[in-house]
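What follows is a single structure, written as structure tokens, with notes after it.
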Amino acid sequence: MKLLLTRHGQTDWNVAGKIQGTTDIELNETGKKQAEETGKKLLNYDIDVIIASPLKRAKKTAEIIRGNRNIEILLDDGLKERAFGEFEGKTREEFDFNEIWNYKLNKHYERAESTSELFERVQGFLNKIQEEYKDKTVLLVTHGGVTVPIRATLEGIPEGMEVLKGLGIDNCEIKEYDL
């Protein structure tokens, strides 16, 4: 299986530094252009299926990347952004951002998804698609928070790293894996 991974295009909340989580924010004009550029970069790939988060910013990114190609887009909650609960709409300076991404601490919050809950959800999704799309090329369109457990699972967590926030990817950045 060839796995292509990208994050949705830019939103106004990205620009403002606000945590989006499951708040359903639209792409801004820059985000739409980023998705168009990513679509051009992926034209040489024979993508069998695109699986996207159902949140507007990821779904729209997937649609723009697909363009007029005949590729099915499936929406899957396994790719939905981490539920940041009480921290959604806040900037990183308004709460302990390092604490929420500390893998070893794995703090539980009132409404936010814990690190272990996020990892379990995403790893379950990865196991499912590896079985279902063994000999296919799959493009995942997801969120920065979800790219963390994907990269940690497929690339490993760097030794000694406890705070995983550095494993996310930029808007419309592409990572490629052969599984």
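FYI, nothing fancy with the structure tokens labels: chains A, B, ... in order, residues from 1 per chain, ligands from 1 as they appear.
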Excluding A:Ile71 and residues on its chain fewer than 3 positions from it, collect all residues at most 9 Å away from it, counting only C-alpha atoms, and give them as a JSON list (two decimals) with all heavy atoms, in the first residue's frame.
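Saved to result_1.json:
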```
[["chain", "number", "residue", "atom", "x", "y", "z"],
["A", 47, "ILE", "N", -3.86, 7.65, -7.74],
["A", 47, "ILE", "CA", -4.55, 7.53, -6.46],
["A", 47, "ILE", "C", -5.84, 6.74, -6.67],
["A", 47, "ILE", "O", -6.66, 7.08, -7.53],
["A", 47, "ILE", "CB", -4.84, 8.92, -5.86],
["A", 47, "ILE", "CG1", -3.52, 9.66, -5.59],
["A", 47, "ILE", "CG2", -5.69, 8.81, -4.60],
["A", 47, "ILE", "CD1", -3.68, 11.12, -5.25],
["A", 48, "ASP", "N", -6.01, 5.68, -5.87],
["A", 48, "ASP", "CA", -7.20, 4.85, -5.98],
["A", 48, "ASP", "C", -8.37, 5.40, -5.19],
["A", 48, "ASP", "O", -9.53, 5.28, -5.62],
["A", 48, "ASP", "CB", -6.89, 3.42, -5.49],
["A", 48, "ASP", "CG", -5.88, 2.74, -6.38],
["A", 48, "ASP", "OD1", -6.22, 2.48, -7.55],
["A", 48, "ASP", "OD2", -4.75, 2.48, -5.92],
["A", 49, "VAL", "N", -8.10, 5.98, -4.04],
["A", 49, "VAL", "CA", -9.16, 6.51, -3.19],
["A", 49, "VAL", "C", -8.60, 7.63, -2.32],
["A", 49, "VAL", "O", -7.41, 7.61, -1.95],
["A", 49, "VAL", "CB", -9.79, 5.38, -2.32],
["A", 49, "VAL", "CG1", -8.79, 4.83, -1.31],
["A", 49, "VAL", "CG2", -11.05, 5.86, -1.62],
["A", 50, "ILE", "N", -9.44, 8.59, -2.01],
["A", 50, "ILE", "CA", -9.10, 9.65, -1.08],
["A", 50, "ILE", "C", -9.99, 9.46, 0.14],
["A", 50, "ILE", "O", -11.22, 9.33, 0.01],
["A", 50, "ILE", "CB", -9.35, 11.05, -1.68],
["A", 50, "ILE", "CG1", -8.48, 11.27, -2.92],
["A", 50, "ILE", "CG2", -9.09, 12.15, -0.63],
["A", 50, "ILE", "CD1", -8.81, 12.53, -3.70],
["A", 66, "ARG", "N", -8.61, 16.57, -5.60],
["A", 66, "ARG", "CA", -9.10, 15.63, -6.61],
["A", 66, "ARG", "C", -9.33, 16.33, -7.94],
["A", 66, "ARG", "O", -9.06, 15.77, -9.00],
["A", 66, "ARG", "CB", -10.41, 15.00, -6.14],
["A", 66, "ARG", "CG", -11.01, 14.10, -7.22],
["A", 66, "ARG", "CD", -12.32, 13.50, -6.84],
["A", 66, "ARG", "NE", -13.34, 14.53, -6.64],
["A", 66, "ARG", "CZ", -14.54, 14.29, -6.15],
["A", 66, "ARG", "NH1", -14.88, 13.07, -5.81],
["A", 66, "ARG", "NH2", -15.41, 15.27, -6.00],
["A", 68, "ASN", "N", -10.84, 17.38, -11.26],
["A", 68, "ASN", "CA", -11.77, 16.68, -12.15],
["A", 68, "ASN", "C", -11.41, 15.21, -12.36],
["A", 68, "ASN", "O", -11.95, 14.56, -13.24],
["A", 68, "ASN", "CB", -11.88, 17.42, -13.49],
["A", 68, "ASN", "CG", -10.55, 17.50, -14.21],
["A", 68, "ASN", "OD1", -9.58, 16.89, -13.79],
["A", 68, "ASN", "ND2", -10.52, 18.26, -15.29]]
```
Which stretch 52-74 of chain A residues have any atom within 8 Å of an atom of stretch 119-141 of chain A, and for each, what is the nearest pair of atoms with distance in Å to one decimal, counting only C-alpha atoms, rows sorted by chain and number, as JSON lines?
```
{"residue": "A:Ala52", "atom": "CA", "partner": "A:Val141", "partner_atom": "CA", "distance": 4.6}
{"residue": "A:Ser53", "atom": "CA", "partner": "A:Val141", "partner_atom": "CA", "distance": 6.5}
{"residue": "A:Ala58", "atom": "CA", "partner": "A:Val141", "partner_atom": "CA", "distance": 5.9}
{"residue": "A:Lys59", "atom": "CA", "partner": "A:Val141", "partner_atom": "CA", "distance": 7.6}
{"residue": "A:Thr61", "atom": "CA", "partner": "A:Val141", "partner_atom": "CA", "distance": 7.3}
{"residue": "A:Ala62", "atom": "CA", "partner": "A:Val141", "partner_atom": "CA", "distance": 6.1}
```
Write the residues of the preceding selection, restricted to N, CA, C and O atoms, as a short mmCIF file (atom, residue, chain, number, x, y, z; two decimals), in the first residue's frame.
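Contents of selection.cif, as written:
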```
data_model
loop_
_atom_site.label_atom_id
_atom_site.label_comp_id
_atom_site.auth_asym_id
_atom_site.auth_seq_id
_atom_site.Cartn_x
_atom_site.Cartn_y
_atom_site.Cartn_z
N ALA A 52 -10.96 11.28 3.70
CA ALA A 52 -10.82 12.57 4.35
C ALA A 52 -11.62 12.63 5.64
O ALA A 52 -12.61 11.91 5.81
N SER A 53 -11.20 13.51 6.49
CA SER A 53 -12.00 13.87 7.66
C SER A 53 -13.29 14.52 7.16
O SER A 53 -13.29 15.22 6.16
N ALA A 58 -11.10 19.85 5.77
CA ALA A 58 -10.45 18.68 5.16
C ALA A 58 -11.24 18.18 3.95
O ALA A 58 -10.65 17.84 2.91
N LYS A 59 -12.54 18.15 4.06
CA LYS A 59 -13.38 17.69 2.95
C LYS A 59 -13.18 18.58 1.72
O LYS A 59 -13.00 18.08 0.60
N THR A 61 -10.60 20.50 1.06
CA THR A 61 -9.23 20.28 0.58
C THR A 61 -9.18 19.04 -0.31
O THR A 61 -8.59 19.06 -1.39
N ALA A 62 -9.83 17.96 0.13
CA ALA A 62 -9.86 16.72 -0.65
C ALA A 62 -10.52 16.95 -2.01
O ALA A 62 -10.03 16.47 -3.04
#
```
Write out as a PDB file with all heavy atoms, in the first residue's frame each polymer residue whose atoms come within 9 Å of A:Ile19, counting only C-alpha atoms; drop sequence neighbours fewer than 4 positions from it.
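And here's result-v7.pdb as it stands now:
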```
ATOM      1  N   TRP A  13      -8.529  30.537  11.354  1.00  0.00           N
ATOM      2  CA  TRP A  13      -8.106  30.186  12.715  1.00  0.00           C
ATOM      3  C   TRP A  13      -6.642  29.761  12.735  1.00  0.00           C
ATOM      4  O   TRP A  13      -5.952  29.998  13.718  1.00  0.00           O
ATOM      5  CB  TRP A  13      -9.010  29.104  13.298  1.00  0.00           C
ATOM      6  CG  TRP A  13     -10.279  29.646  13.890  1.00  0.00           C
ATOM      7  CD1 TRP A  13     -10.948  30.776  13.523  1.00  0.00           C
ATOM      8  CD2 TRP A  13     -11.031  29.072  14.952  1.00  0.00           C
ATOM      9  NE1 TRP A  13     -12.064  30.930  14.280  1.00  0.00           N
ATOM     10  CE2 TRP A  13     -12.159  29.896  15.176  1.00  0.00           C
ATOM     11  CE3 TRP A  13     -10.886  27.933  15.725  1.00  0.00           C
ATOM     12  CZ2 TRP A  13     -13.107  29.624  16.145  1.00  0.00           C
ATOM     13  CZ3 TRP A  13     -11.842  27.651  16.693  1.00  0.00           C
ATOM     14  CH2 TRP A  13     -12.927  28.494  16.905  1.00  0.00           C
ATOM     15  N   ASN A  14      -6.147  29.126  11.661  1.00  0.00           N
ATOM     16  CA  ASN A  14      -4.711  28.829  11.585  1.00  0.00           C
ATOM     17  C   ASN A  14      -3.916  30.122  11.659  1.00  0.00           C
ATOM     18  O   ASN A  14      -2.942  30.219  12.400  1.00  0.00           O
ATOM     19  CB  ASN A  14      -4.345  28.110  10.280  1.00  0.00           C
ATOM     20  CG  ASN A  14      -4.824  26.690  10.186  1.00  0.00           C
ATOM     21  OD1 ASN A  14      -5.259  26.266   9.128  1.00  0.00           O
ATOM     22  ND2 ASN A  14      -4.752  25.914  11.258  1.00  0.00           N
ATOM     23  N   THR A  23     -14.157  22.008  15.931  1.00  0.00           N
ATOM     24  CA  THR A  23     -14.906  23.169  15.466  1.00  0.00           C
ATOM     25  C   THR A  23     -14.782  23.199  13.940  1.00  0.00           C
ATOM     26  O   THR A  23     -13.684  23.105  13.401  1.00  0.00           O
ATOM     27  CB  THR A  23     -14.353  24.469  16.088  1.00  0.00           C
ATOM     28  OG1 THR A  23     -14.368  24.340  17.515  1.00  0.00           O
ATOM     29  CG2 THR A  23     -15.194  25.666  15.689  1.00  0.00           C
ATOM     30  N   PHE A  84     -10.344  18.911  21.029  1.00  0.00           N
ATOM     31  CA  PHE A  84      -9.626  19.694  22.026  1.00  0.00           C
ATOM     32  C   PHE A  84     -10.563  20.283  23.075  1.00  0.00           C
ATOM     33  O   PHE A  84     -10.134  21.034  23.948  1.00  0.00           O
ATOM     34  CB  PHE A  84      -8.807  20.805  21.354  1.00  0.00           C
ATOM     35  CG  PHE A  84      -7.541  20.306  20.725  1.00  0.00           C
ATOM     36  CD1 PHE A  84      -7.482  20.056  19.361  1.00  0.00           C
ATOM     37  CD2 PHE A  84      -6.404  20.083  21.486  1.00  0.00           C
ATOM     38  CE1 PHE A  84      -6.315  19.602  18.772  1.00  0.00           C
ATOM     39  CE2 PHE A  84      -5.233  19.621  20.910  1.00  0.00           C
ATOM     40  CZ  PHE A  84      -5.190  19.380  19.546  1.00  0.00           C
ATOM     41  N   PHE A  87     -10.417  23.626  25.043  1.00  0.00           N
ATOM     42  CA  PHE A  87      -9.317  24.436  24.523  1.00  0.00           C
ATOM     43  C   PHE A  87      -9.579  24.969  23.109  1.00  0.00           C
ATOM     44  O   PHE A  87      -8.809  25.771  22.598  1.00  0.00           O
ATOM     45  CB  PHE A  87      -8.015  23.642  24.550  1.00  0.00           C
ATOM     46  CG  PHE A  87      -7.723  23.060  25.915  1.00  0.00           C
ATOM     47  CD1 PHE A  87      -7.800  21.697  26.131  1.00  0.00           C
ATOM     48  CD2 PHE A  87      -7.412  23.891  26.981  1.00  0.00           C
ATOM     49  CE1 PHE A  87      -7.547  21.166  27.389  1.00  0.00           C
ATOM     50  CE2 PHE A  87      -7.167  23.368  28.238  1.00  0.00           C
ATOM     51  CZ  PHE A  87      -7.236  22.001  28.448  1.00  0.00           C
ATOM     52  N   GLU A  88     -10.659  24.519  22.480  1.00  0.00           N
ATOM     53  CA  GLU A  88     -10.964  24.961  21.120  1.00  0.00           C
ATOM     54  C   GLU A  88     -11.294  26.455  21.102  1.00  0.00           C
ATOM     55  O   GLU A  88     -11.998  26.957  21.973  1.00  0.00           O
ATOM     56  CB  GLU A  88     -12.098  24.127  20.526  1.00  0.00           C
ATOM     57  CG  GLU A  88     -11.651  22.695  20.290  1.00  0.00           C
ATOM     58  CD  GLU A  88     -12.640  21.801  19.584  1.00  0.00           C
ATOM     59  OE1 GLU A  88     -13.580  22.306  18.933  1.00  0.00           O
ATOM     60  OE2 GLU A  88     -12.456  20.569  19.656  1.00  0.00           O
ATOM     61  N   GLY A  89     -10.732  27.142  20.127  1.00  0.00           N
ATOM     62  CA  GLY A  89     -10.918  28.583  20.008  1.00  0.00           C
ATOM     63  C   GLY A  89      -9.899  29.395  20.782  1.00  0.00           C
ATOM     64  O   GLY A  89      -9.829  30.610  20.654  1.00  0.00           O
ATOM     65  N   LYS A  90      -9.062  28.710  21.567  1.00  0.00           N
ATOM     66  CA  LYS A  90      -8.010  29.393  22.326  1.00  0.00           C
ATOM     67  C   LYS A  90      -6.693  29.306  21.569  1.00  0.00           C
ATOM     68  O   LYS A  90      -6.491  28.435  20.725  1.00  0.00           O
ATOM     69  CB  LYS A  90      -7.842  28.741  23.704  1.00  0.00           C
ATOM     70  CG  LYS A  90      -9.057  28.897  24.587  1.00  0.00           C
ATOM     71  CD  LYS A  90      -8.813  28.301  25.955  1.00  0.00           C
ATOM     72  CE  LYS A  90     -10.037  28.551  26.839  1.00  0.00           C
ATOM     73  NZ  LYS A  90      -9.821  28.090  28.200  1.00  0.00           N
ATOM     74  N   THR A  91      -5.776  30.193  21.899  1.00  0.00           N
ATOM     75  CA  THR A  91      -4.428  30.116  21.339  1.00  0.00           C
ATOM     76  C   THR A  91      -3.564  29.256  22.255  1.00  0.00           C
ATOM     77  O   THR A  91      -3.925  29.004  23.415  1.00  0.00           O
ATOM     78  CB  THR A  91      -3.795  31.512  21.202  1.00  0.00           C
ATOM     79  OG1 THR A  91      -3.608  32.053  22.509  1.00  0.00           O
ATOM     80  CG2 THR A  91      -4.656  32.436  20.341  1.00  0.00           C
ATOM     81  N   ARG A  92      -2.428  28.839  21.768  1.00  0.00           N
ATOM     82  CA  ARG A  92      -1.508  28.000  22.544  1.00  0.00           C
ATOM     83  C   ARG A  92      -1.024  28.674  23.816  1.00  0.00           C
ATOM     84  O   ARG A  92      -0.614  28.009  24.755  1.00  0.00           O
ATOM     85  CB  ARG A  92      -0.306  27.616  21.685  1.00  0.00           C
ATOM     86  CG  ARG A  92      -0.685  26.789  20.504  1.00  0.00           C
ATOM     87  CD  ARG A  92       0.456  26.597  19.549  1.00  0.00           C
ATOM     88  NE  ARG A  92      -0.024  25.887  18.373  1.00  0.00           N
ATOM     89  CZ  ARG A  92       0.720  25.141  17.606  1.00  0.00           C
ATOM     90  NH1 ARG A  92       1.997  25.012  17.852  1.00  0.00           N
ATOM     91  NH2 ARG A  92       0.207  24.533  16.569  1.00  0.00           N
TER      92      ARG A  92
END
```
To one decimal in Å, tell me the separation between atom CA of A:Ser114 and atom CA of A:Glu93.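 Atom CA of A:Ser114 sits 19.2 Å away from atom CA of A:Glu93.
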If we count only C-alpha atoms and set the cut-off at 8 Å, which residues sit around A:Cys172, ignoring sequence neighbours fewer than 2 positions away in its own chain? Please answer as a list in words.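 Residues near the query, excluding close chain neighbours: Thr6, Arg7, His8, Gly9, Gln34, Ala35, Thr38, Asp170 and Ile174 of chain A.
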Pick the closest to A:Asp24 from A:Gly39, A:Pro158, A:Gly67, A:Pro54: which is it, counting only C-alpha atoms?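 Among the listed residues, the smallest separation from A:Asp24 belongs to A:Pro54.
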Mind listing the strand (DSSP E or B) residues of chain A, per DSSP on the backbone, as a PyMOL selection string? chain A and resi 2-7+11+18+27+49-52+72-75+91+102+137-142+163+174-178
When you look at A:Glu176 with a cut-off of 8 Å (counting only C-alpha atoms), what residues show up, excluding the ones that are within fewer than 2 positions of it in the same chain? I need them as a ChimeraX atom specification. /A:2-5,174,178
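The protein and nucleic acid residues lying at most 8 Å from stretch 96-110 of chain A are Gly85, Glu86, Arg92, Glu93, Glu113, Ser114, Thr115, Ser116, Glu162, Val163, Leu164 and Lys165 of chain A, with only C-alpha atoms considered and sequence neighbours fewer than 3 positions away removed.
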Filtering to N, CA, C and O atoms, could you give me those residues as a compact mmCIF listing (two decimals), in the first residue's frame?
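File result-v4.txt, as written:
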```
# COMPACT_ATOMS: atom_id res chain seq x y z
N GLY A 85 -11.85 19.95 22.98
CA GLY A 85 -12.82 20.31 24.00
C GLY A 85 -12.74 21.75 24.47
O GLY A 85 -12.89 22.69 23.69
N GLU A 86 -12.46 21.90 25.74
CA GLU A 86 -12.44 23.22 26.37
C GLU A 86 -11.35 24.15 25.84
O GLU A 86 -11.35 25.35 26.11
N ARG A 92 -2.43 28.84 21.77
CA ARG A 92 -1.51 28.00 22.54
C ARG A 92 -1.02 28.67 23.82
O ARG A 92 -0.61 28.01 24.76
N GLU A 93 -1.07 30.00 23.82
CA GLU A 93 -0.60 30.74 24.99
C GLU A 93 -1.65 30.77 26.10
O GLU A 93 -1.34 31.11 27.24
N GLU A 113 -9.99 15.19 24.06
CA GLU A 113 -9.52 13.82 23.86
C GLU A 113 -8.10 13.69 24.39
O GLU A 113 -7.24 14.52 24.09
N SER A 114 -7.83 12.67 25.18
CA SER A 114 -6.47 12.47 25.70
C SER A 114 -5.57 11.98 24.57
O SER A 114 -6.03 11.52 23.53
N THR A 115 -4.27 12.06 24.80
CA THR A 115 -3.31 11.60 23.80
C THR A 115 -3.51 10.11 23.50
O THR A 115 -3.51 9.70 22.34
N SER A 116 -3.71 9.30 24.53
CA SER A 116 -3.88 7.86 24.29
C SER A 116 -5.18 7.57 23.54
O SER A 116 -5.22 6.69 22.67
N GLU A 162 8.86 13.47 24.59
CA GLU A 162 7.63 13.30 25.37
C GLU A 162 6.52 14.20 24.85
O GLU A 162 5.36 13.83 24.88
N VAL A 163 6.88 15.39 24.41
CA VAL A 163 5.91 16.34 23.88
C VAL A 163 5.90 16.19 22.37
O VAL A 163 6.88 16.49 21.70
N LEU A 164 4.78 15.71 21.83
CA LEU A 164 4.72 15.28 20.44
C LEU A 164 4.32 16.36 19.45
O LEU A 164 4.14 16.08 18.28
N LYS A 165 4.18 17.59 19.89
CA LYS A 165 3.65 18.62 19.01
C LYS A 165 4.51 18.85 17.77
O LYS A 165 4.02 19.30 16.76
```
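Take atom CA of A:Ile64 and atom CA of A:Lys32: the distance between them is 7.3 Å.
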Stretch 26-168 of chain A: residues DSSP assigns to helix (DSSP H, G or I), reported as a ChimeraX atom specification: /A:29-41,56-66,77-79,85-87,92-94,97-100,115-132,144-155,164-167
Dump of C-alpha atoms for the selected residues, as a PDB file, in the first residue's frame:
```pdb
ATOM      1  CA  GLU A  29      -8.517  31.741   0.081  1.00  0.00           C
ATOM      2  CA  THR A  30      -4.903  30.838   0.857  1.00  0.00           C
ATOM      3  CA  GLY A  31      -6.047  27.379   1.937  1.00  0.00           C
ATOM      4  CA  LYS A  32      -7.903  26.852  -1.327  1.00  0.00           C
ATOM      5  CA  LYS A  33      -4.791  27.856  -3.304  1.00  0.00           C
ATOM      6  CA  GLN A  34      -2.646  25.521  -1.190  1.00  0.00           C
ATOM      7  CA  ALA A  35      -5.029  22.659  -1.979  1.00  0.00           C
ATOM      8  CA  GLU A  36      -4.859  23.476  -5.707  1.00  0.00           C
ATOM      9  CA  GLU A  37      -1.039  23.359  -5.569  1.00  0.00           C
ATOM     10  CA  THR A  38      -1.136  20.046  -3.718  1.00  0.00           C
ATOM     11  CA  GLY A  39      -3.503  18.672  -6.353  1.00  0.00           C
ATOM     12  CA  LYS A  40      -0.975  19.630  -9.042  1.00  0.00           C
ATOM     13  CA  LYS A  41       1.855  17.948  -7.112  1.00  0.00           C
ATOM     14  CA  LYS A  56     -15.333  21.133   6.158  1.00  0.00           C
ATOM     15  CA  ARG A  57     -11.697  22.207   5.908  1.00  0.00           C
ATOM     16  CA  ALA A  58     -10.453  18.680   5.162  1.00  0.00           C
ATOM     17  CA  LYS A  59     -13.383  17.689   2.950  1.00  0.00           C
ATOM     18  CA  LYS A  60     -13.006  20.819   0.801  1.00  0.00           C
ATOM     19  CA  THR A  61      -9.226  20.282   0.577  1.00  0.00           C
ATOM     20  CA  ALA A  62      -9.857  16.720  -0.653  1.00  0.00           C
ATOM     21  CA  GLU A  63     -12.335  17.954  -3.275  1.00  0.00           C
ATOM     22  CA  ILE A  64      -9.928  20.605  -4.557  1.00  0.00           C
ATOM     23  CA  ILE A  65      -7.002  18.146  -4.661  1.00  0.00           C
ATOM     24  CA  ARG A  66      -9.104  15.631  -6.608  1.00  0.00           C
ATOM     25  CA  ASP A  77     -14.392   9.971  11.538  1.00  0.00           C
ATOM     26  CA  GLY A  78     -11.089   8.191  12.200  1.00  0.00           C
ATOM     27  CA  LEU A  79      -9.422  11.177  10.513  1.00  0.00           C
ATOM     28  CA  GLY A  85     -12.824  20.312  23.996  1.00  0.00           C
ATOM     29  CA  GLU A  86     -12.439  23.220  26.372  1.00  0.00           C
ATOM     30  CA  PHE A  87      -9.317  24.436  24.523  1.00  0.00           C
ATOM     31  CA  ARG A  92      -1.508  28.000  22.544  1.00  0.00           C
ATOM     32  CA  GLU A  93      -0.604  30.745  24.987  1.00  0.00           C
ATOM     33  CA  GLU A  94      -3.969  30.483  26.755  1.00  0.00           C
ATOM     34  CA  PHE A  97      -0.086  23.298  24.973  1.00  0.00           C
ATOM     35  CA  ASN A  98       2.939  21.159  25.857  1.00  0.00           C
ATOM     36  CA  GLU A  99       0.971  19.355  28.552  1.00  0.00           C
ATOM     37  CA  ILE A 100      -1.850  18.352  26.195  1.00  0.00           C
ATOM     38  CA  THR A 115      -3.306  11.596  23.802  1.00  0.00           C
ATOM     39  CA  SER A 116      -3.881   7.859  24.291  1.00  0.00           C
ATOM     40  CA  GLU A 117      -7.508   8.122  23.088  1.00  0.00           C
ATOM     41  CA  LEU A 118      -6.338   9.965  19.972  1.00  0.00           C
ATOM     42  CA  PHE A 119      -3.624   7.367  19.294  1.00  0.00           C
ATOM     43  CA  GLU A 120      -6.038   4.454  19.743  1.00  0.00           C
ATOM     44  CA  ARG A 121      -8.554   5.989  17.349  1.00  0.00           C
ATOM     45  CA  VAL A 122      -5.984   6.800  14.669  1.00  0.00           C
ATOM     46  CA  GLN A 123      -4.122   3.499  14.969  1.00  0.00           C
ATOM     47  CA  GLY A 124      -7.444   1.634  14.632  1.00  0.00           C
ATOM     48  CA  PHE A 125      -8.138   3.635  11.477  1.00  0.00           C
ATOM     49  CA  LEU A 126      -4.666   2.857  10.071  1.00  0.00           C
ATOM     50  CA  ASN A 127      -5.089  -0.866  10.768  1.00  0.00           C
ATOM     51  CA  LYS A 128      -8.465  -0.849   9.017  1.00  0.00           C
ATOM     52  CA  ILE A 129      -7.252   0.854   5.844  1.00  0.00           C
ATOM     53  CA  GLN A 130      -4.063  -1.231   5.619  1.00  0.00           C
ATOM     54  CA  GLU A 131      -6.241  -4.316   5.526  1.00  0.00           C
ATOM     55  CA  GLU A 132      -8.841  -2.864   3.173  1.00  0.00           C
ATOM     56  CA  GLY A 144      -2.428  18.638  12.124  1.00  0.00           C
ATOM     57  CA  GLY A 145      -3.362  16.854  15.349  1.00  0.00           C
ATOM     58  CA  VAL A 146      -4.120  13.598  13.537  1.00  0.00           C
ATOM     59  CA  THR A 147      -0.852  13.701  11.601  1.00  0.00           C
ATOM     60  CA  VAL A 148       0.963  13.407  14.952  1.00  0.00           C
ATOM     61  CA  PRO A 149      -0.151   9.834  15.779  1.00  0.00           C
ATOM     62  CA  ILE A 150       0.068   8.834  12.105  1.00  0.00           C
ATOM     63  CA  ARG A 151       3.696   9.946  11.900  1.00  0.00           C
ATOM     64  CA  ALA A 152       4.499   8.555  15.360  1.00  0.00           C
ATOM     65  CA  THR A 153       3.050   5.186  14.323  1.00  0.00           C
ATOM     66  CA  LEU A 154       4.658   5.007  10.867  1.00  0.00           C
ATOM     67  CA  GLU A 155       7.976   6.740  11.587  1.00  0.00           C
ATOM     68  CA  LEU A 164       4.716  15.280  20.436  1.00  0.00           C
ATOM     69  CA  LYS A 165       3.650  18.620  19.010  1.00  0.00           C
ATOM     70  CA  GLY A 166       6.643  18.703  16.626  1.00  0.00           C
ATOM     71  CA  LEU A 167       5.338  15.720  14.650  1.00  0.00           C
TER      72      LEU A 167
END
```
Work out how far apart atom CA of A:Ile25 and atom CA of A:Tyr177 are and give it in Å to one decimal. 28.3 Å
